[in-house]
$ cat entry.cif   # mmCIF, C-alpha atoms and all ligand atoms
data_start
loop_
_atom_site.label_atom_id
_atom_site.label_comp_id
_atom_site.auth_asym_id
_atom_site.auth_seq_id
_atom_site.Cartn_x
_atom_site.Cartn_y
_atom_site.Cartn_z
CA MET A 531 0.00 0.00 0.00
CA THR A 532 2.69 2.42 0.99
CA GLY A 533 4.42 1.71 -2.31
CA ARG A 534 1.38 3.02 -4.11
CA ARG A 535 1.02 5.96 -1.91
CA ASN A 536 3.34 8.74 -1.15
CA PHE A 537 2.33 10.65 1.92
CA LEU A 538 4.22 13.88 2.27
CA LYS A 539 3.85 16.58 4.81
CA ALA A 540 1.81 19.26 3.13
CA SER A 541 4.17 21.98 4.21
CA LEU A 542 6.96 20.39 2.22
CA LEU A 543 5.05 20.07 -1.01
CA GLY A 544 5.71 22.08 -4.10
CA VAL A 545 3.85 21.34 -7.31
CA SER A 546 3.38 17.57 -7.19
CA ALA A 547 5.25 15.38 -9.62
CA SER A 548 2.04 14.24 -11.19
CA ALA A 549 0.86 17.81 -11.60
CA LEU A 550 4.06 18.49 -13.47
CA ALA A 551 3.43 15.45 -15.57
CA TRP A 552 0.12 16.96 -16.53
CA GLY A 553 2.09 19.68 -18.21
CA SER A 554 3.96 22.84 -17.53
CA LYS A 555 1.09 24.79 -19.08
CA LEU A 556 -1.14 23.62 -16.26
CA ALA A 557 1.43 24.53 -13.62
CA ALA A 558 1.73 27.93 -15.24
CA ASN A 559 -2.05 28.28 -15.04
CA GLN A 560 -1.86 27.50 -11.32
CA ALA A 561 0.79 30.14 -10.73
CA ALA A 562 -1.18 32.69 -12.75
CA ALA A 563 -4.39 31.97 -10.83
CA ALA A 564 -2.61 32.56 -7.54
CA GLN A 565 -1.69 36.12 -8.54
CA PRO A 566 -3.77 39.14 -7.56
CA PHE A 567 -6.14 39.94 -10.34
CA SER A 568 -8.28 42.91 -11.14
CA GLY A 569 -11.42 42.36 -13.14
CA ALA A 570 -14.01 39.64 -13.21
CA ARG A 571 -13.02 36.03 -12.61
CA VAL A 572 -14.87 32.79 -11.97
CA VAL A 573 -13.53 29.49 -10.63
CA SER A 574 -15.17 26.09 -10.27
CA THR A 575 -14.42 22.63 -9.00
CA TRP A 576 -13.59 19.73 -11.33
CA ASP A 577 -13.36 19.59 -15.11
CA PHE A 578 -17.07 20.16 -15.62
CA GLY A 579 -16.28 23.57 -14.18
CA VAL A 580 -14.85 24.59 -17.56
CA THR A 581 -18.22 24.68 -19.33
CA ALA A 582 -19.97 25.96 -16.21
CA ASN A 583 -17.50 28.86 -16.06
CA GLN A 584 -18.14 29.68 -19.69
CA ALA A 585 -21.85 30.02 -18.89
CA ALA A 586 -21.02 32.19 -15.87
CA TRP A 587 -18.83 34.31 -18.11
CA THR A 588 -21.84 35.20 -20.30
CA VAL A 589 -22.91 37.21 -17.23
CA LEU A 590 -19.54 38.39 -15.89
CA GLY A 591 -18.15 39.31 -19.32
CA LYS A 592 -20.99 41.80 -19.76
CA GLY A 593 -20.35 43.42 -16.40
CA GLY A 594 -23.05 41.38 -14.68
CA HIS A 595 -23.37 40.56 -10.98
CA ALA A 596 -21.33 37.74 -9.47
CA LEU A 597 -24.47 36.27 -7.91
CA ASP A 598 -26.20 35.99 -11.29
CA ALA A 599 -23.04 34.54 -12.75
CA VAL A 600 -22.71 31.68 -10.27
CA GLU A 601 -26.41 30.85 -10.47
CA THR A 602 -26.19 30.74 -14.26
CA GLY A 603 -22.95 28.79 -14.34
CA VAL A 604 -23.83 25.89 -12.09
CA GLN A 605 -27.06 25.23 -13.96
CA VAL A 606 -24.95 23.72 -16.75
CA PRO A 607 -23.88 20.60 -14.82
CA GLU A 608 -27.30 20.49 -13.14
CA SER A 609 -28.84 19.88 -16.58
CA ASP A 610 -26.07 17.70 -17.99
CA LEU A 611 -27.46 14.19 -18.36
CA LYS A 612 -23.94 12.77 -18.59
CA ASN A 613 -23.12 14.17 -15.19
CA HIS A 614 -24.22 11.74 -12.49
CA SER A 615 -23.17 13.77 -9.50
CA VAL A 616 -25.02 17.06 -9.94
CA GLY A 617 -28.67 17.80 -10.69
CA LYS A 618 -30.77 15.79 -13.13
CA ALA A 619 -29.37 12.31 -13.83
CA GLY A 620 -27.56 12.34 -10.49
CA TYR A 621 -27.10 8.93 -8.92
CA PRO A 622 -29.85 8.19 -6.43
CA ASP A 623 -29.81 7.30 -2.78
CA ARG A 624 -29.88 3.72 -1.50
CA ASP A 625 -33.62 3.55 -2.17
CA GLY A 626 -33.53 4.94 -5.69
CA HIS A 627 -34.49 8.57 -5.01
CA VAL A 628 -32.47 11.39 -6.57
CA THR A 629 -32.15 14.01 -3.82
CA LEU A 630 -30.29 17.25 -4.41
CA ASP A 631 -28.45 19.74 -2.19
CA ALA A 632 -27.57 23.32 -3.17
CA SER A 633 -26.56 26.66 -1.66
CA ILE A 634 -25.83 30.18 -2.81
CA MET A 635 -24.28 33.12 -0.98
CA ASP A 636 -23.29 36.71 -1.68
CA ALA A 637 -20.64 38.99 -0.24
CA ASP A 638 -22.97 40.54 2.34
CA GLY A 639 -23.89 37.32 4.10
CA ASN A 640 -27.16 36.81 2.24
CA CYS A 641 -27.60 33.12 1.61
CA GLY A 642 -30.12 30.43 0.75
CA ALA A 643 -30.07 26.67 0.48
CA VAL A 644 -32.12 23.57 -0.15
CA ALA A 645 -31.31 20.08 1.05
CA ALA A 646 -32.59 16.67 -0.02
CA ILE A 647 -34.94 18.27 -2.52
CA GLU A 648 -36.44 15.93 -5.13
CA HIS A 649 -37.89 16.40 -8.63
CA ILE A 650 -36.43 19.84 -9.33
CA GLU A 651 -33.77 20.15 -12.01
CA HIS A 652 -32.24 23.39 -10.75
CA PRO A 653 -31.98 23.35 -6.96
CA ILE A 654 -29.61 26.31 -7.15
CA CYS A 655 -32.45 28.52 -8.41
CA VAL A 656 -34.65 27.35 -5.54
CA ALA A 657 -31.81 28.14 -3.13
CA ARG A 658 -31.63 31.66 -4.49
CA MET A 659 -35.38 32.08 -4.01
CA VAL A 660 -35.08 30.84 -0.42
CA MET A 661 -32.50 33.59 0.01
CA GLU A 662 -34.49 36.33 -1.66
CA ARG A 663 -38.11 35.46 -1.00
CA THR A 664 -38.18 33.93 2.48
CA PRO A 665 -36.94 34.93 5.92
CA HIS A 666 -35.09 31.58 6.07
CA VAL A 667 -31.77 30.17 4.95
CA LEU A 668 -32.41 26.45 4.46
CA LEU A 669 -35.45 24.44 3.35
CA VAL A 670 -35.34 20.64 3.24
CA GLY A 671 -37.09 17.70 1.60
CA GLU A 672 -40.86 17.94 1.14
CA GLY A 673 -40.99 21.54 2.33
CA ALA A 674 -38.31 22.58 -0.15
CA LEU A 675 -40.23 20.88 -2.96
CA GLN A 676 -43.48 22.53 -1.87
CA PHE A 677 -41.79 25.92 -1.89
CA ALA A 678 -40.27 25.28 -5.33
CA LEU A 679 -43.63 24.31 -6.79
CA GLU A 680 -45.25 27.39 -5.27
CA GLN A 681 -42.57 29.46 -6.99
CA GLY A 682 -43.45 27.93 -10.35
CA PHE A 683 -40.78 25.26 -10.74
CA LYS A 684 -41.83 22.18 -12.68
CA LYS A 685 -41.80 18.78 -11.02
CA GLN A 686 -39.91 16.20 -13.04
CA GLU A 687 -38.34 12.77 -12.87
CA LEU A 688 -34.62 13.20 -12.23
CA LEU A 689 -33.70 9.52 -12.30
CA THR A 690 -32.59 8.71 -15.83
CA PRO A 691 -32.45 5.16 -17.24
CA GLU A 692 -28.65 5.28 -17.10
CA SER A 693 -28.59 6.28 -13.42
CA GLU A 694 -31.25 3.72 -12.62
CA LYS A 695 -29.16 1.04 -14.28
CA ALA A 696 -26.13 2.04 -12.23
CA TRP A 697 -28.25 1.90 -9.08
CA HIS A 698 -29.42 -1.62 -9.92
CA GLU A 699 -25.80 -2.61 -10.43
CA TRP A 700 -24.93 -1.17 -7.04
CA LEU A 701 -27.82 -3.01 -5.41
CA LYS A 702 -26.11 -6.31 -6.25
CA THR A 703 -23.66 -5.63 -3.45
CA ALA A 704 -25.36 -2.66 -1.78
CA ARG A 705 -22.09 -1.71 -0.16
CA TYR A 706 -21.72 1.98 0.67
CA LYS A 707 -18.14 2.98 0.12
CA PRO A 708 -17.51 6.38 -1.42
CA SER A 709 -14.85 6.03 -4.08
CA ILE A 710 -12.03 8.52 -4.25
CA ASN A 711 -12.96 10.96 -6.94
CA SER A 712 -10.03 11.84 -9.07
CA GLU A 713 -9.56 13.10 -12.58
CA VAL A 714 -6.12 11.61 -12.91
CA GLN A 715 -6.79 9.00 -15.54
CA ASP A 716 -8.83 11.24 -17.77
CA TYR A 717 -7.48 14.60 -16.90
CA GLY A 718 -8.89 17.34 -19.01
CA ARG A 719 -11.20 15.30 -21.15
CA THR A 720 -14.91 14.94 -21.14
CA GLY A 721 -16.70 11.62 -21.26
CA ASN A 722 -16.52 8.67 -18.97
CA ASN A 723 -13.62 7.61 -16.83
CA SER A 724 -12.13 4.47 -18.28
CA LYS A 725 -11.73 2.93 -14.82
CA THR A 726 -14.94 3.83 -13.11
CA GLY A 727 -17.29 4.47 -16.00
CA MET A 728 -18.22 7.69 -14.26
CA PRO A 729 -18.39 11.02 -16.06
CA GLY A 730 -15.51 13.42 -16.30
CA GLY A 731 -13.09 11.07 -14.62
CA ALA A 732 -14.99 11.29 -11.36
CA GLY A 733 -15.79 8.71 -8.74
CA ASN A 734 -19.33 8.20 -7.50
CA HIS A 735 -19.62 11.71 -6.15
CA ASP A 736 -18.55 15.17 -7.25
CA THR A 737 -19.92 18.59 -6.60
CA ILE A 738 -19.71 21.82 -8.48
CA GLY A 739 -18.67 24.66 -6.24
CA MET A 740 -18.32 27.96 -8.09
CA LEU A 741 -16.88 31.25 -6.82
CA ALA A 742 -16.97 34.50 -8.73
CA ILE A 743 -15.83 38.06 -8.42
CA ASP A 744 -17.38 40.56 -10.80
CA ALA A 745 -16.01 43.71 -12.42
CA GLN A 746 -17.19 45.75 -9.44
CA GLY A 747 -15.36 43.48 -7.02
CA ARG A 748 -18.48 41.75 -5.67
CA LEU A 749 -17.98 38.16 -4.59
CA ALA A 750 -20.54 35.33 -4.69
CA GLY A 751 -20.58 31.55 -4.56
CA ALA A 752 -22.80 28.61 -5.41
CA CYS A 753 -22.57 24.92 -4.68
CA THR A 754 -24.82 22.14 -6.03
CA THR A 755 -24.74 18.34 -5.99
CA SER A 756 -26.69 15.12 -5.90
CA GLY A 757 -24.45 14.20 -2.99
CA MET A 758 -22.95 10.83 -2.31
CA ALA A 759 -24.30 8.11 -4.55
CA TRP A 760 -26.26 5.39 -2.70
CA LYS A 761 -26.45 7.45 0.49
CA LEU A 762 -29.10 6.76 3.13
CA ARG A 763 -32.44 8.36 2.41
CA GLY A 764 -32.49 11.79 4.05
CA ARG A 765 -28.72 12.17 4.13
CA VAL A 766 -27.55 15.74 3.63
CA GLY A 767 -23.97 16.60 2.75
CA ASP A 768 -21.88 19.71 3.16
CA SER A 769 -22.98 21.47 -0.02
CA PRO A 770 -26.17 23.12 1.33
CA ILE A 771 -24.66 23.87 4.73
CA ILE A 772 -23.46 27.45 4.83
CA GLY A 773 -19.95 27.42 6.26
CA ALA A 774 -19.35 23.82 5.27
CA GLY A 775 -19.73 23.46 1.49
CA LEU A 776 -19.77 27.18 0.79
CA TYR A 777 -18.90 30.42 2.49
CA VAL A 778 -18.51 33.97 1.20
CA ASP A 779 -17.40 37.08 3.06
CA GLY A 780 -16.97 40.23 1.01
CA GLU A 781 -14.30 41.52 3.39
CA VAL A 782 -12.11 38.47 2.84
CA GLY A 783 -13.01 36.00 0.11
CA ALA A 784 -14.93 32.84 -0.64
CA ALA A 785 -14.46 29.09 -0.39
CA THR A 786 -16.20 25.93 -1.46
CA SER A 787 -15.61 22.22 -1.08
CA THR A 788 -16.02 18.87 -2.74
CA GLY A 789 -15.57 15.36 -1.43
CA VAL A 790 -16.95 13.47 1.53
CA GLY A 791 -19.27 16.03 3.05
CA GLU A 792 -19.38 14.55 6.51
CA GLU A 793 -15.72 15.42 7.03
CA VAL A 794 -16.24 18.94 5.71
CA ILE A 795 -19.22 19.56 8.00
CA ARG A 796 -17.30 18.29 11.02
CA ASN A 797 -14.70 20.98 10.44
CA ALA A 798 -16.91 23.82 9.14
CA GLY A 799 -14.58 23.59 6.16
CA SER A 800 -15.39 26.55 3.92
CA PHE A 801 -15.84 28.88 6.88
CA LEU A 802 -12.48 27.74 8.16
CA VAL A 803 -10.82 28.49 4.82
CA VAL A 804 -12.28 32.00 4.79
CA GLU A 805 -11.23 32.60 8.39
CA LEU A 806 -7.70 31.45 7.61
CA MET A 807 -7.60 33.88 4.68
CA ARG A 808 -8.83 36.59 7.06
CA GLN A 809 -5.79 35.87 9.21
CA GLY A 810 -3.58 36.56 6.22
CA ARG A 811 -3.11 33.20 4.53
CA SER A 812 -3.18 32.90 0.77
CA PRO A 813 -6.15 30.99 -0.68
CA GLN A 814 -3.94 27.98 -1.36
CA ASP A 815 -2.41 27.98 2.07
CA ALA A 816 -5.81 28.32 3.70
CA CYS A 817 -7.14 25.36 1.70
CA ARG A 818 -4.11 23.30 2.67
CA GLU A 819 -4.56 24.01 6.37
CA ALA A 820 -8.26 23.10 6.18
CA VAL A 821 -7.33 19.80 4.53
CA MET A 822 -4.71 19.13 7.19
CA ARG A 823 -7.29 19.81 9.90
CA ILE A 824 -9.45 17.02 8.43
CA ILE A 825 -6.49 14.67 8.22
CA ARG A 826 -5.45 15.34 11.81
CA ARG A 827 -8.94 14.41 12.96
CA ARG A 828 -9.11 11.30 10.79
CA PRO A 829 -5.56 9.96 10.65
CA THR A 830 -6.57 6.39 9.92
CA MET A 831 -9.23 7.18 7.36
CA THR A 832 -7.62 9.59 5.01
CA LYS A 833 -6.17 7.09 2.55
CA ASP A 834 -9.73 6.34 1.47
CA LEU A 835 -11.06 9.83 1.71
CA GLN A 836 -11.23 12.69 -0.72
CA VAL A 837 -11.92 16.28 0.23
CA GLY A 838 -10.90 19.26 -1.86
CA PHE A 839 -11.21 22.96 -1.12
CA LEU A 840 -11.19 25.81 -3.63
CA ALA A 841 -10.88 29.43 -2.54
CA MET A 842 -10.67 32.91 -3.99
CA ASN A 843 -9.87 36.02 -1.99
CA LYS A 844 -11.24 39.49 -2.61
CA HIS A 845 -8.18 40.30 -4.72
CA GLY A 846 -9.10 37.54 -7.17
CA GLN A 847 -6.26 35.25 -6.07
CA VAL A 848 -7.20 31.59 -6.36
CA GLY A 849 -5.91 28.49 -4.62
CA ALA A 850 -6.93 24.92 -3.87
CA TRP A 851 -5.79 21.87 -1.97
CA ALA A 852 -7.07 18.30 -1.70
CA ILE A 853 -6.37 15.17 0.28
CA GLN A 854 -6.03 12.97 -2.78
CA HIS A 855 -4.30 13.47 -6.07
CA GLY A 856 -6.52 14.26 -9.04
CA PHE A 857 -8.67 17.17 -7.90
CA SER A 858 -8.79 19.94 -10.46
CA TYR A 859 -10.41 23.33 -10.78
CA ALA A 860 -11.32 25.56 -13.67
CA VAL A 861 -10.54 29.27 -13.92
CA CYS A 862 -12.08 31.72 -16.35
CA ASP A 863 -11.39 35.43 -16.75
CA ALA A 864 -10.96 37.92 -19.57
CA LYS A 865 -7.54 36.47 -20.43
CA LYS A 866 -8.28 32.78 -20.05
CA GLN A 867 -11.59 31.19 -20.82
CA ASP A 868 -10.89 27.53 -20.27
CA GLY A 869 -8.05 27.09 -17.81
CA LEU A 870 -8.19 23.75 -15.99
CA ILE A 871 -5.71 23.50 -13.17
CA PRO A 872 -4.53 20.51 -11.11
CA SER A 873 -4.85 21.07 -7.40
CA GLN A 874 -2.02 20.21 -5.13
CA SER A 875 -2.73 17.43 -2.71
CA VAL A 876 -1.45 15.65 0.36
CA TYR A 877 -1.17 12.31 -1.38
CA THR A 878 0.72 12.81 -4.59
CA THR A 879 -0.08 9.54 -6.31
CA SER A 880 -3.36 7.86 -7.02
CA ASN A 881 -4.86 5.73 -4.25
CA SER A 882 -7.78 4.60 -6.36
C1 LIG B 1 -21.48 15.61 -0.44
N1 LIG B 1 -19.60 17.01 -0.92
O1 LIG B 1 -22.67 15.46 -0.61
C2 LIG B 1 -20.70 16.32 -1.52
C3 LIG B 1 -20.30 15.33 -2.54
C4 LIG B 1 -19.07 15.64 -3.29
O2 LIG B 1 -17.20 14.98 -4.31
O3 LIG B 1 -18.64 16.71 -3.48
N2 LIG B 1 -18.34 14.72 -3.73
O4 LIG B 1 -20.88 15.17 0.54
#

$ encode --input "entry.cif" --output "structure tokens" --more "lines below"
Ligand code: SD4
Amino acid sequence: MTGRRNFLKASLLGVSASALAWGSKLAANQAAAAQPFSGARVVSTWDFGVTANQAAWTVLGKGGHALDAVETGVQVPESDLKNHSVGKAGYPDRDGHVTLDASIMDADGNCGAVAAIEHIEHPICVARMVMERTPHVLLVGEGALQFALEQGFKKQELLTPESEKAWHEWLKTARYKPSINSEVQDYGRTGNNSKTGMPGGAGNHDTIGMLAIDAQGRLAGACTTSGMAWKLRGRVGDSPIIGAGLYVDGEVGAATSTGVGEEVIRNAGSFLVVELMRQGRSPQDACREAVMRIIRRRPTMTKDLQVGFLAMNKHGQVGAWAIQHGFSYAVCDAKKQDGLIPSQSVYTTSNS
């Protein structure tokens, strides 16, 4: 096992060997993203973040509001039928129900979220309406659906034949073991991972977290997911929990997470990243410390666990860190429309 894995103290890591193998262009993208930046910029988790960012850019590029940009951007993977970890066509829970989690937040602390909502293709839009049209922050399950229908959303079947087939396959063993999501094998390409058969090189879970700063310097974030495939009915992950899967503070910056949500919730992950940035850490350094906090609490579990954080400060500097190799994030601004960047990680070779 140790031969396959190379655990290095995070503080000693530079760009990982594998990241270098992915190409000096990518490493250059990482260095560029870490620089202060004036103007609009949007960043997202995973390779499906590239197309999501492009949609967000249709708003940001015209001088639009960061909040509109993130809501627009994350709707792309929510509607993508090839994406089985966000929105429609997401893998269901243990009992065959597709249940979605989403949150949205602006720079002033306004936020809204839905958890374990069913039958609604765009939970992020419902989350925004919770934020803007109710005195609440989070609606769950039946109540969230009721609210969505009252707001005019259409009820639809989110379980596609492909996802249903995958669920039936899973039922043969019915063993809940989140796989380590990694884009290593299929880095930078769309389509299914040759090892797992999952989209975009992912494992059985992946979330889009998107952070944007607009031309007027306003920050916003959005996070949306179908959560962990085959989860218990009623399970809620980190994505709709403000401070866990998403946090934005206009005075400091914004952060979002992907991976096993239970570990992120336990550590108030995204809030922690923002607080570390408040204390003067760079986005990358803050993400690394948040990852190390999780590892310190779970020393025996981390070889099987993936969590990744992505952060952007109010100066537009971007950074990320993950437990496992293979996390990537996409950056889009006026100079670069499709930059996909490998995150640094604690483990520098694939555990999967
Ligand atoms: C969750 N954090 O529901 C989400 C899933 C995810 O990579 O991001 N997986 O726990």

$ atom_distance --input "entry.cif" --atom1 "CA of Asp625 (chain A)" --atom2 "CA of Leu689 (chain A)"
11.8 Å

$ residues_near_ligand --input "entry.cif" --ligand "ligand LIG 1 (chain B)" --cutoff "7 Å" --atoms "only C-alpha atoms and all ligand atoms" --output "ChimeraX atom specification"
/A:711,735-737,755-758,766-769,775,787-792

$ closest_residue --input "entry.cif" --among "A:Ile647, A:Asp577, A:Arg828, A:Trp760" --to "Leu701 (chain A)" --atoms "only C-alpha atoms"
A:Trp760

$ closest_residue --input "entry.cif" --among "A:Thr629, A:Gln854, A:Gln836, A:Gln847" --to "Gly783 (chain A)" --atoms "only C-alpha atoms"
A:Gln847

$ residues_near_point --input "entry.cif" --point "(-38.3, 25.0, -9.4)" --cutoff "7 Å" --atoms "all atoms listed in the file" --output "PyMOL selection string"
chain A and resi 650+652-653+655-656+678-679+681-684

$ closest_residue --input "entry.cif" --among "A:Val589, A:Val628, A:Ile824, A:Ala645" --to "Glu694 (chain A)" --atoms "only C-alpha atoms"
A:Val628

$ closest_residue --input "entry.cif" --among "A:Ile634, A:Ile825, A:Met807, A:Ala852" --to "Ala752 (chain A)" --atoms "only C-alpha atoms"
A:Ile634

$ axis_aligned_box --input "entry.cif" --around "region 795-813 of chain A" --padding-each-side "5 Å" --output "JSON"
{"center_x": -11.2, "center_y": 27.4, "center_z": 5.2, "size_x": 26.1, "size_y": 28.3, "size_z": 21.7}

$ closest_residue --input "entry.cif" --among "A:Thr588, A:Gln605, A:Thr832, A:Ser873" --to "Ile710 (chain A)" --atoms "only C-alpha atoms"
A:Thr832

$ closest_residue --input "entry.cif" --among "A:Val604, A:Ala696, A:Val848, A:Val861" --to "Pro622 (chain A)" --atoms "only C-alpha atoms"
A:Ala696
